[in-house]
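S.K.: start27.csv is the file, holding CSV, C-alpha atoms:
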```csv
chain,number,residue,atom,x,y,z
A,899,MET,CA,131.1,124.3,82.2
A,900,THR,CA,129.7,123.4,78.7
A,901,GLY,CA,127.3,121.1,77.2
A,902,ILE,CA,124.8,120.3,79.9
A,903,THR,CA,124.8,123.8,81.2
A,904,ASP,CA,124.0,125.2,77.7
A,905,HIS,CA,121.4,122.5,77.1
A,906,LEU,CA,119.7,123.2,80.5
A,907,GLY,CA,119.4,126.9,79.7
A,908,GLU,CA,117.9,126.2,76.2
A,909,ILE,CA,115.4,123.7,77.7
A,910,ARG,CA,114.3,126.2,80.3
A,911,GLY,CA,113.7,128.8,77.7
A,912,ARG,CA,111.6,126.4,75.7
A,913,ILE,CA,109.6,125.5,78.9
A,914,ALA,CA,108.9,129.2,79.5
A,915,GLN,CA,107.6,129.6,75.9
A,916,ALA,CA,105.5,126.5,76.1
A,917,THR,CA,104.0,127.6,79.4
A,918,ALA,CA,103.1,131.0,77.9
A,919,ARG,CA,101.4,129.3,75.0
A,920,ALA,CA,99.4,127.1,77.4
A,921,ALA,CA,98.2,130.2,79.2
A,922,VAL,CA,97.2,131.8,75.8
A,923,ARG,CA,95.3,128.7,74.9
A,924,GLY,CA,93.2,129.2,78.0
A,925,GLY,CA,94.9,126.7,80.3
A,926,GLN,CA,96.0,127.6,83.8
A,927,ALA,CA,99.8,128.2,83.6
A,928,ARG,CA,101.4,126.1,86.3
A,929,PRO,CA,105.1,125.7,87.2
A,930,VAL,CA,106.8,122.9,85.3
A,931,THR,CA,109.4,120.6,87.1
A,932,LEU,CA,112.3,119.4,84.9
A,933,VAL,CA,113.5,115.9,85.7
A,934,GLY,CA,116.8,115.0,84.1
A,935,VAL,CA,116.7,111.4,83.0
A,936,SER,CA,120.3,110.3,83.7
A,937,LYS,CA,120.0,106.6,82.8
A,938,GLY,CA,122.9,105.6,80.6
A,939,HIS,CA,125.0,108.6,81.8
A,940,PRO,CA,127.8,108.6,84.4
A,941,ALA,CA,127.6,110.2,87.9
A,942,ALA,CA,129.9,112.9,86.6
A,943,ALA,CA,127.1,114.1,84.3
A,944,VAL,CA,124.7,114.2,87.3
A,945,ARG,CA,127.2,116.3,89.3
A,946,GLU,CA,127.6,118.7,86.3
A,947,ALA,CA,123.8,119.1,86.0
A,948,LEU,CA,123.6,119.7,89.8
A,949,ALA,CA,126.2,122.4,89.6
A,950,ALA,CA,124.3,124.0,86.7
A,951,GLY,CA,121.2,124.2,88.9
A,952,LEU,CA,119.1,121.1,88.1
A,953,GLY,CA,117.7,119.5,91.2
A,954,HIS,CA,115.6,116.5,90.0
A,955,PHE,CA,116.9,113.3,88.3
A,956,GLY,CA,115.2,110.2,87.1
A,957,GLU,CA,116.5,106.6,86.7
A,958,ASN,CA,114.9,103.5,85.3
A,959,TYR,CA,117.2,100.7,86.7
A,960,LEU,CA,118.1,100.2,90.3
A,961,GLN,CA,121.6,98.7,89.8
A,962,GLU,CA,122.6,101.7,87.7
A,963,ALA,CA,120.8,104.3,89.9
A,964,LEU,CA,122.1,103.5,93.4
A,965,PRO,CA,125.8,104.3,92.8
A,966,LYS,CA,124.7,107.7,91.3
A,967,ILE,CA,122.5,108.5,94.2
A,968,ALA,CA,125.4,107.8,96.6
A,969,ALA,CA,127.7,109.9,94.5
A,970,ALA,CA,125.3,112.9,94.2
A,971,GLY,CA,124.8,113.4,97.9
A,972,ARG,CA,121.8,115.0,99.5
A,973,ASP,CA,121.3,117.8,97.0
A,974,ALA,CA,119.5,115.8,94.3
A,975,VAL,CA,115.8,114.7,94.3
A,976,TRP,CA,115.6,111.2,92.7
A,977,HIS,CA,112.6,109.8,90.8
A,978,PHE,CA,112.2,106.2,89.9
A,979,LEU,CA,110.9,105.9,86.4
A,980,GLY,CA,111.2,102.3,85.5
A,981,ARG,CA,108.9,99.3,86.0
A,982,ILE,CA,108.5,98.6,89.7
A,983,GLN,CA,108.9,94.9,90.5
A,984,SER,CA,107.8,93.5,93.8
A,985,ASN,CA,111.4,92.4,94.8
A,986,LYS,CA,112.7,96.0,94.2
A,987,THR,CA,110.2,98.0,96.2
A,988,ARG,CA,112.4,98.1,99.3
A,989,GLU,CA,115.3,99.7,97.5
A,990,ILE,CA,113.0,102.2,95.8
A,991,ALA,CA,111.3,103.1,99.1
A,992,LEU,CA,114.6,103.6,100.8
A,993,GLY,CA,116.6,105.4,98.0
A,994,PHE,CA,114.2,107.6,96.1
A,995,SER,CA,112.0,110.6,96.8
A,996,TRP,CA,109.5,109.8,94.0
A,997,ALA,CA,108.1,106.7,92.4
A,998,GLN,CA,106.3,107.7,89.2
A,999,THR,CA,105.4,104.3,88.0
A,1000,VAL,CA,102.9,102.8,90.5
A,1001,THR,CA,100.4,100.6,88.6
A,1002,SER,CA,98.8,98.4,91.2
A,1003,ALA,CA,97.6,98.1,94.8
A,1004,ARG,CA,100.2,95.5,95.6
A,1005,ILE,CA,103.1,97.8,94.6
A,1006,ALA,CA,101.6,100.8,96.4
A,1007,GLU,CA,101.1,98.8,99.6
A,1008,ARG,CA,104.7,97.4,99.6
A,1009,LEU,CA,106.2,100.9,99.0
A,1010,SER,CA,104.1,102.2,101.9
A,1011,ALA,CA,105.1,99.4,104.2
A,1012,GLN,CA,108.8,99.7,103.3
A,1013,ARG,CA,109.2,103.5,103.4
A,1014,PRO,CA,111.2,104.6,106.5
A,1015,HIS,CA,109.1,106.3,109.2
A,1016,HIS,CA,111.8,108.9,110.0
A,1017,GLY,CA,111.8,110.6,106.6
A,1018,ASP,CA,109.3,112.3,104.4
A,1019,PRO,CA,106.6,110.3,102.6
A,1020,LEU,CA,107.5,108.8,99.3
A,1021,GLN,CA,105.8,110.9,96.5
A,1022,VAL,CA,104.1,108.7,94.0
A,1023,CYS,CA,102.3,108.9,90.7
A,1024,ILE,CA,100.0,106.4,89.1
A,1025,GLN,CA,101.3,105.4,85.7
A,1026,LEU,CA,98.5,105.4,83.1
A,1027,GLU,CA,98.1,102.7,80.5
A,1028,PRO,CA,98.3,104.4,77.1
A,1029,VAL,CA,95.1,104.6,75.1
A,1030,ALA,CA,96.3,105.3,71.6
A,1031,PRO,CA,97.8,102.3,69.8
A,1032,GLY,CA,101.2,102.6,68.1
A,1033,PRO,CA,101.6,102.8,64.4
A,1034,PRO,CA,101.8,99.6,62.3
A,1035,GLY,CA,105.3,98.2,62.6
A,1036,GLY,CA,106.3,100.8,65.2
A,1037,PRO,CA,109.7,102.4,65.4
A,1038,GLU,CA,112.8,100.2,64.8
A,1039,GLY,CA,110.6,97.2,64.0
A,1040,ALA,CA,108.6,97.1,67.2
A,1041,PRO,CA,105.4,95.2,67.0
A,1042,ALA,CA,102.3,97.2,66.1
A,1043,GLY,CA,100.7,98.6,69.3
A,1044,SER,CA,103.3,97.0,71.5
A,1045,PRO,CA,102.2,97.3,75.1
A,1046,ARG,CA,103.4,99.8,77.7
A,1047,ALA,CA,103.0,99.2,81.4
A,1048,GLY,CA,100.3,101.2,83.1
A,1049,CYS,CA,97.1,101.1,85.2
A,1050,PRO,CA,94.0,100.8,83.0
A,1051,ARG,CA,91.9,103.9,83.0
A,1052,ARG,CA,88.9,102.1,84.5
A,1053,GLU,CA,91.0,101.2,87.6
A,1054,VAL,CA,92.7,104.5,88.2
A,1055,ALA,CA,90.0,106.0,90.6
A,1056,ALA,CA,90.0,102.9,92.8
A,1057,LEU,CA,93.9,102.8,92.9
A,1058,ALA,CA,94.0,106.5,93.7
A,1059,ALA,CA,91.5,106.0,96.6
A,1060,LEU,CA,93.6,103.1,98.0
A,1061,ILE,CA,96.9,105.1,97.8
A,1062,ALA,CA,95.3,108.1,99.5
A,1063,GLY,CA,94.6,105.9,102.5
A,1064,LEU,CA,98.1,104.5,102.9
A,1065,PRO,CA,100.7,105.8,105.3
A,1066,ARG,CA,104.3,106.8,104.3
A,1067,ILE,CA,103.4,107.5,100.7
A,1068,GLN,CA,101.6,110.5,99.1
A,1069,LEU,CA,99.8,110.4,95.8
A,1070,ARG,CA,100.8,113.5,93.8
A,1071,GLY,CA,99.3,112.7,90.4
A,1072,LEU,CA,99.5,110.8,87.1
A,1073,MET,CA,102.4,109.8,84.8
A,1074,LEU,CA,102.0,108.9,81.2
A,1075,LEU,CA,104.5,107.2,78.8
A,1076,PRO,CA,102.7,107.1,75.4
A,1077,ARG,CA,103.5,104.5,72.8
A,1078,ALA,CA,106.3,105.5,70.4
A,1079,GLY,CA,105.7,106.7,66.9
A,1080,LEU,CA,102.4,108.4,67.4
A,1081,ASP,CA,101.1,111.0,65.0
A,1082,ALA,CA,101.3,114.5,66.6
A,1083,GLU,CA,97.6,115.0,66.8
A,1084,VAL,CA,97.0,111.5,68.3
A,1085,LEU,CA,99.8,112.2,70.8
A,1086,ARG,CA,98.1,115.6,71.7
A,1087,MET,CA,94.8,113.8,72.3
A,1088,GLU,CA,96.6,111.3,74.5
A,1089,TYR,CA,98.0,114.1,76.6
A,1090,ARG,CA,94.7,115.9,76.7
A,1091,ALA,CA,92.9,112.7,77.9
A,1092,ALA,CA,95.4,112.3,80.8
A,1093,ARG,CA,94.8,115.9,81.8
A,1094,GLY,CA,91.1,115.3,81.8
A,1095,LEU,CA,91.5,112.2,84.0
A,1096,LEU,CA,93.6,114.2,86.5
A,1097,ASP,CA,90.8,116.9,86.6
A,1098,GLU,CA,88.2,114.1,87.2
A,1099,LEU,CA,90.2,112.8,90.2
A,1100,ASN,CA,90.5,116.2,91.7
A,1101,ALA,CA,86.8,116.9,91.1
A,1102,SER,CA,86.1,113.7,93.1
A,1103,GLY,CA,88.0,115.0,96.2
A,1104,HIS,CA,91.7,114.5,95.5
A,1105,ALA,CA,94.2,117.4,95.5
A,1106,LEU,CA,96.7,116.2,92.9
A,1107,ASP,CA,99.2,118.7,91.5
A,1108,THR,CA,101.4,116.6,89.2
A,1109,LEU,CA,100.9,115.5,85.6
A,1110,SER,CA,104.2,113.9,84.5
A,1111,MET,CA,104.3,113.7,80.7
A,1112,GLY,CA,106.5,114.9,77.9
A,1113,MET,CA,110.1,113.9,77.0
A,1114,SER,CA,112.8,115.3,74.8
A,1115,ASP,CA,110.9,115.2,71.5
A,1116,ASP,CA,107.5,116.4,72.7
A,1117,PHE,CA,107.7,118.2,76.0
A,1118,GLU,CA,106.5,121.5,74.6
A,1119,MET,CA,103.3,119.9,73.4
A,1120,ALA,CA,102.9,118.1,76.7
A,1121,ILE,CA,103.2,121.4,78.6
A,1122,GLU,CA,100.6,123.0,76.3
A,1123,GLU,CA,98.2,120.2,77.3
A,1124,GLY,CA,98.8,120.5,81.0
A,1125,SER,CA,102.0,118.7,82.0
A,1126,THR,CA,103.6,120.0,85.2
A,1127,MET,CA,106.6,117.6,85.1
A,1128,ILE,CA,108.7,116.7,82.1
A,1129,ARG,CA,111.3,113.9,81.8
A,1130,ILE,CA,114.3,115.0,79.7
A,1131,GLY,CA,117.2,112.8,78.8
A,1132,THR,CA,118.8,113.1,75.4
A,1133,ALA,CA,118.1,116.9,75.0
A,1134,LEU,CA,119.9,117.5,78.3
A,1135,PHE,CA,122.6,114.9,78.5
A,1136,GLY,CA,123.1,113.9,74.9
A,1137,ALA,CA,123.0,110.4,73.4
A,1138,ARG,CA,123.2,107.6,76.0
A,1139,THR,CA,126.4,105.6,76.0
```
Just dump the structure as C-alpha cells.

M.R.:
Amino acid sequence: MTGITDHLGEIRGRIAQATARAAVRGGQARPVTLVGVSKGHPAAAVREALAAGLGHFGENYLQEALPKIAAAGRDAVWHFLGRIQSNKTREIALGFSWAQTVTSARIAERLSAQRPHHGDPLQVCIQLEPVAPGPPGGPEGAPAGSPRAGCPRREVAALAALIAGLPRIQLRGLMLLPRAGLDAEVLRMEYRAARGLLDELNASGHALDTLSMGMSDDFEMAIEEGSTMIRIGTALFGART
C-alpha cells in the first residue's frame, strides 16, 4: 500500500508533535481524533485508509456519502460535516454516527426524533459561527467576510442546554470552520476563543470532550490551541477529483 498509508503515518507524527507542544505551552494534552474527509474521493480510497488503520471518515454531501458508507461496511465511523438541511435529517440520523454541524434547535430536534431507538445515540457538535472576518477579497475572489454557517456565540449556551435534554442524540462539543484566508495570528485567536467557549460550557455543568477544529493547512495550530478532533482531506487523500 502506498500514498494514503504514507500520508497517514506522516500526519500522525505531526499530531504527536503538536500534542507535545500543546502540553509544553501549559495546555492539557488530550487525545486527538483524526477524521479523514473523503469527499471527492472514491470508496476505494476509504477502503485503503481503513486498511491502513484509519477509523473515522467525514462527508459533506449525502448523495456522495451514502454509497461509500455502504461500501465501507461496519468498520468505519462516519461524520456528517456539511450543512444540515431539514429534508436531509432522516438520512443523517440513520446513516451517520456523528453530526458535527448542528446549528439550530429545529435541526437538533429532528435528528433526535429520527434517530433509531435500537442503536447508539447520534453524537453531535454545535457548529460555531466564525468571529473573525475574512480578508478583503478573500481567496479565489470570494466576497470579503463571506459568511459561514454556524450558531451565533450568544445562542450557543441555550442550544447546548436544549440538546442535552433531547433523547437519542448526545452533545459532545463544538465544531469550528473559520473563514478562509485568515492571518495566522487571527486564526489562532479564533481557535483560542472556541476553546474558551467550550470551557465555559463545561464550567456551567456540561461534560463536553470534543473540540473539532483544524484541517490540512492548520491542524497543528488547532491542536496547540486545544483541538481534540481534526478534519483532514487533502493532506491524507490528495487533491480531490

S.K.: Under the rule of at most 12 Å, produce a per-residue listing of segment 1053-1135 of chain A near segment 902-926 of chain A: chain, number, name, the closest pair of atoms, and the distance in Å, as a Markdown table, using all atoms listed in the file.

M.R.:
```
| residue | atom | partner | partner_atom | distance |
| --- | --- | --- | --- | --- |
| A:Arg1090 | CA | A:Gly925 | CA | 11.4 |
| A:Arg1093 | CA | A:Gly925 | CA | 10.9 |
| A:Gly1112 | CA | A:Ile913 | CA | 11.1 |
| A:Met1113 | CA | A:Ile909 | CA | 11.2 |
| A:Ser1114 | CA | A:Ile909 | CA | 9.3 |
| A:Asp1115 | CA | A:Ile909 | CA | 11.4 |
| A:Asp1116 | CA | A:Ala916 | CA | 10.8 |
| A:Phe1117 | CA | A:Ile913 | CA | 8.1 |
| A:Glu1118 | CA | A:Ala916 | CA | 5.3 |
| A:Met1119 | CA | A:Ala916 | CA | 7.5 |
| A:Ala1120 | CA | A:Ala916 | CA | 8.8 |
| A:Ile1121 | CA | A:Ala916 | CA | 6.1 |
| A:Glu1122 | CA | A:Ala920 | CA | 4.4 |
| A:Glu1123 | CA | A:Ala920 | CA | 7.0 |
| A:Gly1124 | CA | A:Gly925 | CA | 7.4 |
| A:Ser1125 | CA | A:Thr917 | CA | 9.5 |
| A:Thr1126 | CA | A:Thr917 | CA | 9.6 |
| A:Met1127 | CA | A:Ile913 | CA | 10.5 |
| A:Ile1128 | CA | A:Ile913 | CA | 9.4 |
| A:Arg1129 | CA | A:Ile909 | CA | 11.4 |
| A:Ile1130 | CA | A:Ile909 | CA | 9.0 |
| A:Gly1131 | CA | A:His905 | CA | 10.7 |
| A:Thr1132 | CA | A:His905 | CA | 9.9 |
| A:Ala1133 | CA | A:His905 | CA | 6.8 |
| A:Leu1134 | CA | A:His905 | CA | 5.4 |
| A:Phe1135 | CA | A:Ile902 | CA | 6.0 |
```

S.K.: Segment 1064-1068 of chain A: which residues within 7 Å, counting all atoms listed in the file, same-chain residues fewer than 3 positions away excluded, as a short mmCIF file (atom, residue, chain, number, x, y, z; two decimals) with C-alpha atoms, keeping the file's coordinate frame?

M.R.:
```
data_model
loop_
_atom_site.label_atom_id
_atom_site.label_comp_id
_atom_site.auth_asym_id
_atom_site.auth_seq_id
_atom_site.Cartn_x
_atom_site.Cartn_y
_atom_site.Cartn_z
CA SER A 1010 104.10 102.20 101.90
CA ARG A 1013 109.20 103.50 103.40
CA HIS A 1015 109.10 106.30 109.20
CA PRO A 1019 106.60 110.30 102.60
CA LEU A 1020 107.50 108.80 99.30
CA GLN A 1021 105.80 110.90 96.50
CA VAL A 1022 104.10 108.70 94.00
CA LEU A 1060 93.60 103.10 98.00
CA ILE A 1061 96.90 105.10 97.80
#
```

S.K.: For a test of reading the model, state the distance in Å between atom CA of Gly953 of chain A and atom CA of Ala1006 of chain A, rounded to one decimal.

M.R.: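 About the pair atom CA of Gly953 of chain A and atom CA of Ala1006 of chain A: they are 25.2 Å apart.
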
S.K.: Show which residues sit within 10 Å of Gly956 of chain A, as a PyMOL selection string. Count all atoms listed in the file, and ignore same-chain residues fewer than 6 positions away.

M.R.: chain A and resi 932-937+963+975-980+994+996-998+1129-1131

S.K.: Using all atoms listed in the file, which residues sit within 9 Å of Gln1012 of chain A once same-chain residues fewer than 4 positions away are excluded, as a PyMOL selection string?

M.R.: chain A and resi 987-992+1007-1008+1066

S.K.: Using all atoms listed in the file, list the residues that have an atom at most 12 Å from (119.8, 118.3, 97.7), coordinates as in the file, as a list in words.

M.R.: Arg945, Leu948, Ala949, Gly951, Leu952, Gly953, His954, Phe955, Ile967, Ala968, Ala969, Ala970, Gly971, Arg972, Asp973, Ala974, Val975, Trp976 and Ser995 of chain A

S.K.: Quick one: residues within 9 Å of Ile1005 of chain A, all atoms listed in the file, excluding same-chain residues fewer than 6 positions away - as a PDB file with C-alpha atoms, keeping the file's coordinate frame?

M.R.:
```pdb
ATOM      1  CA  ILE A 982     108.500  98.600  89.700  1.00  0.00           C
ATOM      2  CA  GLN A 983     108.900  94.900  90.500  1.00  0.00           C
ATOM      3  CA  SER A 984     107.800  93.500  93.800  1.00  0.00           C
ATOM      4  CA  THR A 987     110.200  98.000  96.200  1.00  0.00           C
TER       5      THR A 987
END
```

S.K.: Using only C-alpha atoms, which of A:Leu1074, A:Ala1101, A:Leu1106, A:Leu1080 sits nearest Thr999 of chain A?

M.R.: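 Among the listed residues, A:Leu1074 lies closest to Thr999 of chain A.
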
S.K.: Would you compute the distance between atom CA of Ser1110 of chain A and atom CA of Gly1071 of chain A? Give it in Å to one decimal.

M.R.: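 About the pair atom CA of Ser1110 of chain A and atom CA of Gly1071 of chain A: they are 7.8 Å apart.
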
S.K.: Could you tell me how far atom CA of Ala1055 of chain A lies from atom CA of Ala1011 of chain A, in Å and to one decimal?

M.R.: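 Pair atom CA of Ala1055 of chain A / atom CA of Ala1011 of chain A returns 21.4 Å.
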
S.K.: Counting only C-alpha atoms, which residue out of A:Glu1053, A:Asp1107, A:Glu1027, A:Glu1098 sits closest to Pro1076 of chain A?

M.R.: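 Among the listed residues, the smallest separation from Pro1076 of chain A belongs to A:Glu1027.
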
S.K.: Using only C-alpha atoms, which of A:Asp1081, A:Leu1075, A:Leu1109, A:Gly1136 sits nearest Val930 of chain A?

M.R.: A:Leu1109

S.K.: Rank nothing, just name the residue among A:Ala1003, A:Leu1057, A:Leu960, A:Leu1069 nearest to Lys986 of chain A, using all atoms listed in the file.

M.R.: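 Counting all atoms listed in the file, the residue closest to Lys986 of chain A is A:Leu960.
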
S.K.: Of the residues A:Leu1072, A:Gly1079, A:Glu962, A:Arg1086, which is the one nearest to Leu1099 of chain A, using all atoms listed in the file?

M.R.: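 Closest to Leu1099 of chain A of all the choices is A:Leu1072.
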